>>> print(open('run-v6.cif').read())   # mmCIF, N, CA and C atoms
data_query
loop_
_atom_site.label_atom_id
_atom_site.label_comp_id
_atom_site.auth_asym_id
_atom_site.auth_seq_id
_atom_site.Cartn_x
_atom_site.Cartn_y
_atom_site.Cartn_z
N MET Z 868 -56.65 -63.39 217.98
CA MET Z 868 -57.66 -62.69 217.19
C MET Z 868 -58.27 -61.57 218.03
N LYS Z 869 -58.45 -60.43 217.43
CA LYS Z 869 -58.99 -59.27 218.12
C LYS Z 869 -60.51 -59.39 218.28
N SER Z 870 -61.01 -58.87 219.37
CA SER Z 870 -62.45 -58.87 219.63
C SER Z 870 -62.97 -57.44 219.62
N TYR Z 871 -64.20 -57.30 219.18
CA TYR Z 871 -64.88 -56.01 219.14
C TYR Z 871 -66.22 -56.18 219.85
N TYR Z 872 -66.58 -55.21 220.65
CA TYR Z 872 -67.76 -55.31 221.50
C TYR Z 872 -68.77 -54.22 221.14
N VAL Z 873 -69.99 -54.64 220.90
CA VAL Z 873 -71.10 -53.71 220.77
C VAL Z 873 -71.84 -53.81 222.09
N TYR Z 874 -72.03 -52.67 222.74
CA TYR Z 874 -72.58 -52.71 224.09
C TYR Z 874 -73.67 -51.68 224.26
N ILE Z 875 -74.51 -51.93 225.24
CA ILE Z 875 -75.54 -50.96 225.63
C ILE Z 875 -75.37 -50.71 227.12
N LEU Z 876 -75.29 -49.44 227.46
CA LEU Z 876 -75.24 -49.01 228.85
C LEU Z 876 -76.59 -48.39 229.20
N ALA Z 877 -76.92 -48.43 230.48
CA ALA Z 877 -78.18 -47.83 230.94
C ALA Z 877 -77.93 -47.04 232.22
N SER Z 878 -78.74 -46.02 232.40
CA SER Z 878 -78.71 -45.27 233.65
C SER Z 878 -79.69 -45.93 234.61
N ILE Z 879 -79.76 -45.42 235.81
CA ILE Z 879 -80.72 -45.92 236.79
C ILE Z 879 -82.15 -45.78 236.26
N THR Z 880 -82.40 -44.70 235.52
CA THR Z 880 -83.72 -44.45 234.98
C THR Z 880 -83.92 -45.10 233.60
N ARG Z 881 -82.96 -45.93 233.20
CA ARG Z 881 -82.99 -46.71 231.96
C ARG Z 881 -82.85 -45.87 230.69
N CYS Z 882 -82.15 -44.77 230.79
CA CYS Z 882 -81.74 -44.03 229.60
C CYS Z 882 -80.63 -44.88 228.97
N LEU Z 883 -80.62 -45.01 227.64
CA LEU Z 883 -79.72 -45.95 226.98
C LEU Z 883 -78.63 -45.28 226.14
N TYR Z 884 -77.48 -45.93 226.07
CA TYR Z 884 -76.37 -45.52 225.22
C TYR Z 884 -75.80 -46.76 224.55
N THR Z 885 -75.65 -46.73 223.24
CA THR Z 885 -75.08 -47.85 222.48
C THR Z 885 -73.72 -47.44 221.96
N GLY Z 886 -72.74 -48.33 222.10
CA GLY Z 886 -71.40 -48.02 221.63
C GLY Z 886 -70.67 -49.24 221.13
N ILE Z 887 -69.44 -49.01 220.66
CA ILE Z 887 -68.58 -50.07 220.16
C ILE Z 887 -67.16 -49.80 220.66
N THR Z 888 -66.43 -50.87 220.94
CA THR Z 888 -65.04 -50.73 221.41
C THR Z 888 -64.29 -52.03 221.15
N ASN Z 889 -62.97 -51.93 221.16
CA ASN Z 889 -62.16 -53.14 221.07
C ASN Z 889 -61.57 -53.49 222.43
N ASP Z 890 -61.88 -52.69 223.45
CA ASP Z 890 -61.41 -52.94 224.82
C ASP Z 890 -62.53 -52.55 225.78
N LEU Z 891 -63.39 -53.49 226.07
CA LEU Z 891 -64.58 -53.21 226.87
C LEU Z 891 -64.22 -52.73 228.28
N GLU Z 892 -63.25 -53.36 228.89
CA GLU Z 892 -62.83 -52.96 230.24
C GLU Z 892 -62.42 -51.48 230.28
N ARG Z 893 -61.54 -51.09 229.36
CA ARG Z 893 -61.05 -49.70 229.31
C ARG Z 893 -62.20 -48.74 229.06
N ARG Z 894 -63.10 -49.11 228.14
CA ARG Z 894 -64.21 -48.23 227.81
C ARG Z 894 -65.17 -48.05 228.98
N LEU Z 895 -65.42 -49.12 229.72
CA LEU Z 895 -66.29 -49.00 230.89
C LEU Z 895 -65.67 -48.11 231.95
N VAL Z 896 -64.36 -48.24 232.15
CA VAL Z 896 -63.67 -47.36 233.10
C VAL Z 896 -63.85 -45.91 232.69
N LYS Z 897 -63.72 -45.63 231.39
CA LYS Z 897 -63.89 -44.25 230.92
C LYS Z 897 -65.31 -43.75 231.18
N HIS Z 898 -66.30 -44.56 230.83
CA HIS Z 898 -67.69 -44.15 231.06
C HIS Z 898 -67.94 -43.90 232.55
N ARG Z 899 -67.47 -44.79 233.38
CA ARG Z 899 -67.76 -44.71 234.82
C ARG Z 899 -66.98 -43.60 235.52
N SER Z 900 -65.90 -43.15 234.91
CA SER Z 900 -65.14 -42.05 235.51
C SER Z 900 -65.57 -40.71 234.94
N GLY Z 901 -66.55 -40.71 234.02
CA GLY Z 901 -67.05 -39.47 233.45
C GLY Z 901 -66.27 -39.00 232.24
N HIS Z 902 -65.39 -39.84 231.70
CA HIS Z 902 -64.59 -39.47 230.54
C HIS Z 902 -65.03 -40.18 229.27
N GLY Z 903 -66.20 -40.81 229.29
CA GLY Z 903 -66.75 -41.46 228.10
C GLY Z 903 -67.44 -40.41 227.25
N SER Z 904 -68.52 -40.76 226.63
CA SER Z 904 -69.24 -39.81 225.78
C SER Z 904 -69.91 -38.73 226.64
N GLY Z 905 -70.10 -37.57 226.05
CA GLY Z 905 -70.78 -36.48 226.74
C GLY Z 905 -72.21 -36.83 227.10
N PHE Z 906 -72.89 -37.54 226.19
CA PHE Z 906 -74.27 -37.96 226.44
C PHE Z 906 -74.33 -38.89 227.64
N ALA Z 907 -73.45 -39.89 227.67
CA ALA Z 907 -73.44 -40.85 228.78
C ALA Z 907 -73.09 -40.14 230.09
N ARG Z 908 -72.18 -39.20 230.04
CA ARG Z 908 -71.80 -38.46 231.25
C ARG Z 908 -72.97 -37.61 231.74
N ARG Z 909 -73.63 -36.91 230.82
CA ARG Z 909 -74.73 -36.02 231.19
C ARG Z 909 -75.87 -36.78 231.87
N TYR Z 910 -76.16 -37.99 231.38
CA TYR Z 910 -77.29 -38.75 231.91
C TYR Z 910 -76.87 -39.86 232.87
N ARG Z 911 -75.59 -39.87 233.26
CA ARG Z 911 -75.04 -40.86 234.21
C ARG Z 911 -75.34 -42.29 233.78
N ILE Z 912 -75.02 -42.57 232.54
CA ILE Z 912 -75.25 -43.89 231.97
C ILE Z 912 -74.00 -44.72 232.18
N GLN Z 913 -74.06 -45.69 233.09
CA GLN Z 913 -72.84 -46.40 233.48
C GLN Z 913 -73.01 -47.91 233.61
N ARG Z 914 -74.22 -48.43 233.67
CA ARG Z 914 -74.41 -49.87 233.87
C ARG Z 914 -74.41 -50.61 232.54
N LEU Z 915 -73.55 -51.62 232.42
CA LEU Z 915 -73.51 -52.45 231.22
C LEU Z 915 -74.68 -53.43 231.30
N VAL Z 916 -75.63 -53.29 230.37
CA VAL Z 916 -76.82 -54.16 230.41
C VAL Z 916 -76.91 -55.10 229.21
N TYR Z 917 -76.06 -54.89 228.20
CA TYR Z 917 -76.07 -55.75 227.03
C TYR Z 917 -74.72 -55.68 226.33
N VAL Z 918 -74.25 -56.83 225.82
CA VAL Z 918 -73.00 -56.84 225.07
C VAL Z 918 -73.02 -57.98 224.05
N GLU Z 919 -72.44 -57.71 222.88
CA GLU Z 919 -72.23 -58.72 221.85
C GLU Z 919 -70.76 -58.66 221.47
N VAL Z 920 -70.16 -59.80 221.16
CA VAL Z 920 -68.75 -59.87 220.80
C VAL Z 920 -68.63 -60.28 219.34
N PHE Z 921 -67.74 -59.58 218.62
CA PHE Z 921 -67.47 -59.85 217.21
C PHE Z 921 -65.97 -60.00 217.00
N THR Z 922 -65.59 -60.74 215.97
CA THR Z 922 -64.17 -60.82 215.59
C THR Z 922 -63.91 -59.99 214.34
N ASN Z 923 -64.97 -59.53 213.69
CA ASN Z 923 -64.84 -58.72 212.48
C ASN Z 923 -65.33 -57.31 212.78
N VAL Z 924 -64.44 -56.33 212.63
CA VAL Z 924 -64.79 -54.96 212.99
C VAL Z 924 -65.93 -54.42 212.13
N ARG Z 925 -65.99 -54.79 210.88
CA ARG Z 925 -67.07 -54.29 210.01
C ARG Z 925 -68.42 -54.82 210.46
N GLU Z 926 -68.47 -56.07 210.88
CA GLU Z 926 -69.72 -56.64 211.39
C GLU Z 926 -70.14 -55.93 212.67
N ALA Z 927 -69.18 -55.63 213.52
CA ALA Z 927 -69.47 -54.94 214.77
C ALA Z 927 -70.01 -53.53 214.50
N ILE Z 928 -69.38 -52.82 213.59
CA ILE Z 928 -69.84 -51.47 213.24
C ILE Z 928 -71.25 -51.52 212.66
N ALA Z 929 -71.50 -52.48 211.78
CA ALA Z 929 -72.83 -52.62 211.18
C ALA Z 929 -73.88 -52.91 212.25
N ARG Z 930 -73.53 -53.75 213.22
CA ARG Z 930 -74.48 -54.08 214.29
C ARG Z 930 -74.76 -52.86 215.16
N GLU Z 931 -73.71 -52.11 215.50
CA GLU Z 931 -73.90 -50.90 216.31
C GLU Z 931 -74.84 -49.94 215.58
N LYS Z 932 -74.61 -49.72 214.31
CA LYS Z 932 -75.47 -48.82 213.53
C LYS Z 932 -76.91 -49.32 213.47
N GLN Z 933 -77.06 -50.64 213.33
CA GLN Z 933 -78.40 -51.23 213.30
C GLN Z 933 -79.14 -50.96 214.61
N ILE Z 934 -78.47 -51.24 215.73
CA ILE Z 934 -79.10 -51.03 217.04
C ILE Z 934 -79.43 -49.56 217.25
N LYS Z 935 -78.53 -48.67 216.86
CA LYS Z 935 -78.77 -47.23 217.04
C LYS Z 935 -79.98 -46.74 216.24
N ARG Z 936 -80.29 -47.39 215.14
CA ARG Z 936 -81.45 -46.99 214.33
C ARG Z 936 -82.77 -47.47 214.93
N TRP Z 937 -82.72 -48.45 215.79
CA TRP Z 937 -83.94 -49.03 216.36
C TRP Z 937 -84.65 -48.05 217.28
N ARG Z 938 -85.95 -48.26 217.40
CA ARG Z 938 -86.73 -47.55 218.40
C ARG Z 938 -86.38 -48.09 219.79
N ARG Z 939 -86.66 -47.32 220.77
CA ARG Z 939 -86.34 -47.72 222.15
C ARG Z 939 -86.96 -49.07 222.52
N ALA Z 940 -88.21 -49.30 222.14
CA ALA Z 940 -88.89 -50.55 222.51
C ALA Z 940 -88.14 -51.77 221.98
N THR Z 941 -87.58 -51.67 220.80
CA THR Z 941 -86.82 -52.78 220.22
C THR Z 941 -85.54 -53.01 221.01
N LYS Z 942 -84.88 -51.93 221.42
CA LYS Z 942 -83.66 -52.05 222.23
C LYS Z 942 -83.98 -52.68 223.59
N VAL Z 943 -85.11 -52.28 224.17
CA VAL Z 943 -85.51 -52.85 225.46
C VAL Z 943 -85.76 -54.35 225.32
N ARG Z 944 -86.42 -54.78 224.25
CA ARG Z 944 -86.65 -56.21 224.03
C ARG Z 944 -85.32 -56.95 223.88
N LEU Z 945 -84.36 -56.36 223.17
CA LEU Z 945 -83.04 -56.98 223.00
C LEU Z 945 -82.37 -57.16 224.36
N ILE Z 946 -82.37 -56.12 225.16
CA ILE Z 946 -81.75 -56.17 226.49
C ILE Z 946 -82.44 -57.23 227.35
N GLU Z 947 -83.75 -57.18 227.40
CA GLU Z 947 -84.50 -58.07 228.29
C GLU Z 947 -84.45 -59.53 227.86
N ALA Z 948 -84.16 -59.80 226.59
CA ALA Z 948 -84.01 -61.18 226.14
C ALA Z 948 -82.76 -61.80 226.75
N MET Z 949 -81.73 -60.99 226.98
CA MET Z 949 -80.48 -61.48 227.55
C MET Z 949 -80.38 -61.16 229.05
N ASN Z 950 -80.95 -60.06 229.47
CA ASN Z 950 -80.77 -59.54 230.82
C ASN Z 950 -82.10 -58.99 231.33
N PRO Z 951 -83.05 -59.88 231.67
CA PRO Z 951 -84.40 -59.43 232.03
C PRO Z 951 -84.48 -58.51 233.24
N THR Z 952 -83.51 -58.58 234.14
CA THR Z 952 -83.56 -57.72 235.33
C THR Z 952 -82.70 -56.46 235.18
N TRP Z 953 -82.08 -56.27 234.04
CA TRP Z 953 -81.24 -55.12 233.76
C TRP Z 953 -80.09 -55.00 234.76
N LYS Z 954 -79.60 -56.13 235.26
CA LYS Z 954 -78.47 -56.08 236.20
C LYS Z 954 -77.21 -55.64 235.46
N ASP Z 955 -76.27 -55.07 236.20
CA ASP Z 955 -74.99 -54.65 235.62
C ASP Z 955 -74.18 -55.89 235.31
N LEU Z 956 -73.86 -56.10 234.04
CA LEU Z 956 -73.11 -57.29 233.62
C LEU Z 956 -71.63 -57.18 233.93
N HIS Z 957 -71.21 -56.01 234.36
CA HIS Z 957 -69.80 -55.81 234.72
C HIS Z 957 -69.73 -54.94 235.98
N PRO Z 958 -70.15 -55.51 237.11
CA PRO Z 958 -70.09 -54.72 238.35
C PRO Z 958 -68.64 -54.43 238.72
N GLU Z 959 -68.42 -53.30 239.34
CA GLU Z 959 -67.04 -52.90 239.69
C GLU Z 959 -66.46 -53.76 240.78
#
>>> encode(input="run-v6.cif", output="structure tokens")
Amino acid sequence: MKSYYVYILASITRCLYTGITNDLERRLVKHRSGHGSGFARRYRIQRLVYVEVFTNVREAIAREKQIKRWRRATKVRLIEAMNPTWKDLHPE
């Protein structure tokens, strides 16, 4: 069964980027090499601070859209509920 990941990346200054992928490893390599999104590259957003796994792509897309609509404070609460120290969940 295929997996889909909704993830949040953060910069050192805690600028946030929310995305979706079916290959988290490959996507993180792209972000960290500067070949991910232009926004993430511009603000050096590379640390994985939150991730959710789905088996249904439509549910994953809906969740990504939901998170993107949230205010920053709500995203911070989501991250800190799972990762209170904002550590990189996928260190190189």
>>> atom_distance(input="run-v6.cif", atom1="atom C of Thr952 (chain Z)", atom2="CA of Asn923 (chain Z)")
29.0 Å
>>> closest_residue(input="run-v6.cif", among="Z:Leu956, Z:Ile879, Z:Ile934, Z:Ile912", to="Glu892 (chain Z)", atoms="only C-alpha atoms")
Z:Leu956
>>> closest_residue(input="run-v6.cif", among="Z:Ala948, Z:Ala940, Z:Leu915, Z:Val873", to="Leu895 (chain Z)", atoms="all atoms listed in the file")
Z:Leu915
>>> atom_distance(input="run-v6.cif", atom1="atom C of Ser900 (chain Z)", atom2="CA of Ser878 (chain Z)")
14.0 Å
>>> select_by_dssp(input="run-v6.cif", residues="chain Z", states="strand (DSSP E or B)", output="ChimeraX atom specification")
/Z:871-877,883-888,914-921
>>> residues_near_point(input="run-v6.cif", point="(-82.5, -55.5, 219.4)", cutoff="12 Å", atoms="only C-alpha atoms", output="PDB file with N, CA and C atoms, in the coordinates of the input")
ATOM      1  N   VAL Z 873     -69.990 -54.640 220.900  1.00  0.00           N
ATOM      2  CA  VAL Z 873     -71.100 -53.710 220.770  1.00  0.00           C
ATOM      3  C   VAL Z 873     -71.840 -53.810 222.090  1.00  0.00           C
ATOM      4  N   TYR Z 874     -72.030 -52.670 222.740  1.00  0.00           N
ATOM      5  CA  TYR Z 874     -72.580 -52.710 224.090  1.00  0.00           C
ATOM      6  C   TYR Z 874     -73.670 -51.680 224.260  1.00  0.00           C
ATOM      7  N   ILE Z 875     -74.510 -51.930 225.240  1.00  0.00           N
ATOM      8  CA  ILE Z 875     -75.540 -50.960 225.630  1.00  0.00           C
ATOM      9  C   ILE Z 875     -75.370 -50.710 227.120  1.00  0.00           C
ATOM     10  N   THR Z 885     -75.650 -46.730 223.240  1.00  0.00           N
ATOM     11  CA  THR Z 885     -75.080 -47.850 222.480  1.00  0.00           C
ATOM     12  C   THR Z 885     -73.720 -47.440 221.960  1.00  0.00           C
ATOM     13  N   TYR Z 917     -76.060 -54.890 228.200  1.00  0.00           N
ATOM     14  CA  TYR Z 917     -76.070 -55.750 227.030  1.00  0.00           C
ATOM     15  C   TYR Z 917     -74.720 -55.680 226.330  1.00  0.00           C
ATOM     16  N   VAL Z 918     -74.250 -56.830 225.820  1.00  0.00           N
ATOM     17  CA  VAL Z 918     -73.000 -56.840 225.070  1.00  0.00           C
ATOM     18  C   VAL Z 918     -73.020 -57.980 224.050  1.00  0.00           C
ATOM     19  N   GLU Z 919     -72.440 -57.710 222.880  1.00  0.00           N
ATOM     20  CA  GLU Z 919     -72.230 -58.720 221.850  1.00  0.00           C
ATOM     21  C   GLU Z 919     -70.760 -58.660 221.470  1.00  0.00           C
ATOM     22  N   ARG Z 930     -73.530 -53.750 213.220  1.00  0.00           N
ATOM     23  CA  ARG Z 930     -74.480 -54.080 214.290  1.00  0.00           C
ATOM     24  C   ARG Z 930     -74.760 -52.860 215.160  1.00  0.00           C
ATOM     25  N   GLU Z 931     -73.710 -52.110 215.500  1.00  0.00           N
ATOM     26  CA  GLU Z 931     -73.900 -50.900 216.310  1.00  0.00           C
ATOM     27  C   GLU Z 931     -74.840 -49.940 215.580  1.00  0.00           C
ATOM     28  N   LYS Z 932     -74.610 -49.720 214.310  1.00  0.00           N
ATOM     29  CA  LYS Z 932     -75.470 -48.820 213.530  1.00  0.00           C
ATOM     30  C   LYS Z 932     -76.910 -49.320 213.470  1.00  0.00           C
ATOM     31  N   GLN Z 933     -77.060 -50.640 213.330  1.00  0.00           N
ATOM     32  CA  GLN Z 933     -78.400 -51.230 213.300  1.00  0.00           C
ATOM     33  C   GLN Z 933     -79.140 -50.960 214.610  1.00  0.00           C
ATOM     34  N   ILE Z 934     -78.470 -51.240 215.730  1.00  0.00           N
ATOM     35  CA  ILE Z 934     -79.100 -51.030 217.040  1.00  0.00           C
ATOM     36  C   ILE Z 934     -79.430 -49.560 217.250  1.00  0.00           C
ATOM     37  N   LYS Z 935     -78.530 -48.670 216.860  1.00  0.00           N
ATOM     38  CA  LYS Z 935     -78.770 -47.230 217.040  1.00  0.00           C
ATOM     39  C   LYS Z 935     -79.980 -46.740 216.240  1.00  0.00           C
ATOM     40  N   ARG Z 936     -80.290 -47.390 215.140  1.00  0.00           N
ATOM     41  CA  ARG Z 936     -81.450 -46.990 214.330  1.00  0.00           C
ATOM     42  C   ARG Z 936     -82.770 -47.470 214.930  1.00  0.00           C
ATOM     43  N   TRP Z 937     -82.720 -48.450 215.790  1.00  0.00           N
ATOM     44  CA  TRP Z 937     -83.940 -49.030 216.360  1.00  0.00           C
ATOM     45  C   TRP Z 937     -84.650 -48.050 217.280  1.00  0.00           C
ATOM     46  N   ARG Z 938     -85.950 -48.260 217.400  1.00  0.00           N
ATOM     47  CA  ARG Z 938     -86.730 -47.550 218.400  1.00  0.00           C
ATOM     48  C   ARG Z 938     -86.380 -48.090 219.790  1.00  0.00           C
ATOM     49  N   ARG Z 939     -86.660 -47.320 220.770  1.00  0.00           N
ATOM     50  CA  ARG Z 939     -86.340 -47.720 222.150  1.00  0.00           C
ATOM     51  C   ARG Z 939     -86.960 -49.070 222.520  1.00  0.00           C
ATOM     52  N   ALA Z 940     -88.210 -49.300 222.140  1.00  0.00           N
ATOM     53  CA  ALA Z 940     -88.890 -50.550 222.510  1.00  0.00           C
ATOM     54  C   ALA Z 940     -88.140 -51.770 221.980  1.00  0.00           C
ATOM     55  N   THR Z 941     -87.580 -51.670 220.800  1.00  0.00           N
ATOM     56  CA  THR Z 941     -86.820 -52.780 220.220  1.00  0.00           C
ATOM     57  C   THR Z 941     -85.540 -53.010 221.010  1.00  0.00           C
ATOM     58  N   LYS Z 942     -84.880 -51.930 221.420  1.00  0.00           N
ATOM     59  CA  LYS Z 942     -83.660 -52.050 222.230  1.00  0.00           C
ATOM     60  C   LYS Z 942     -83.980 -52.680 223.590  1.00  0.00           C
ATOM     61  N   VAL Z 943     -85.110 -52.280 224.170  1.00  0.00           N
ATOM     62  CA  VAL Z 943     -85.510 -52.850 225.460  1.00  0.00           C
ATOM     63  C   VAL Z 943     -85.760 -54.350 225.320  1.00  0.00           C
ATOM     64  N   ARG Z 944     -86.420 -54.780 224.250  1.00  0.00           N
ATOM     65  CA  ARG Z 944     -86.650 -56.210 224.030  1.00  0.00           C
ATOM     66  C   ARG Z 944     -85.320 -56.950 223.880  1.00  0.00           C
ATOM     67  N   LEU Z 945     -84.360 -56.360 223.170  1.00  0.00           N
ATOM     68  CA  LEU Z 945     -83.040 -56.980 223.000  1.00  0.00           C
ATOM     69  C   LEU Z 945     -82.370 -57.160 224.360  1.00  0.00           C
ATOM     70  N   ILE Z 946     -82.370 -56.120 225.160  1.00  0.00           N
ATOM     71  CA  ILE Z 946     -81.750 -56.170 226.490  1.00  0.00           C
ATOM     72  C   ILE Z 946     -82.440 -57.230 227.350  1.00  0.00           C
ATOM     73  N   GLU Z 947     -83.750 -57.180 227.400  1.00  0.00           N
ATOM     74  CA  GLU Z 947     -84.500 -58.070 228.290  1.00  0.00           C
ATOM     75  C   GLU Z 947     -84.450 -59.530 227.860  1.00  0.00           C
ATOM     76  N   ALA Z 948     -84.160 -59.800 226.590  1.00  0.00           N
ATOM     77  CA  ALA Z 948     -84.010 -61.180 226.140  1.00  0.00           C
ATOM     78  C   ALA Z 948     -82.760 -61.800 226.750  1.00  0.00           C
ATOM     79  N   MET Z 949     -81.730 -60.990 226.980  1.00  0.00           N
ATOM     80  CA  MET Z 949     -80.480 -61.480 227.550  1.00  0.00           C
ATOM     81  C   MET Z 949     -80.380 -61.160 229.050  1.00  0.00           C
TER      82      MET Z 949
END
>>> atom_distance(input="run-v6.cif", atom1="CA of Arg881 (chain Z)", atom2="CA of Trp953 (chain Z)")
8.8 Å
>>> select_by_dssp(input="run-v6.cif", residues="region 869-944 of chain Z", states="alpha helix (DSSP H)", output="PyMOL selection string")
chain Z and resi 891-899+905-909+924-936+939-944
>>> residues_around(input="run-v6.cif", residues="Val920 (chain Z)", least_positions_apart="5", cutoff="6.5 Å", atoms="all atoms listed in the file", output="PyMOL selection string")
chain Z and resi 870-873
>>> closest_residue(input="run-v6.cif", among="Z:Ile887, Z:Leu876, Z:Met868, Z:Ile928", to="Ala907 (chain Z)", atoms="only C-alpha atoms")
Z:Leu876
>>> axis_aligned_box(input="run-v6.cif", around="region 905-908 of chain Z", padding_each_side="6 Å", output="AutoDock Vina command-line options")
--center_x -72.2 --center_y -38.7 --center_z 228.9 --size_x 16.2 --size_y 16.4 --size_z 17.7
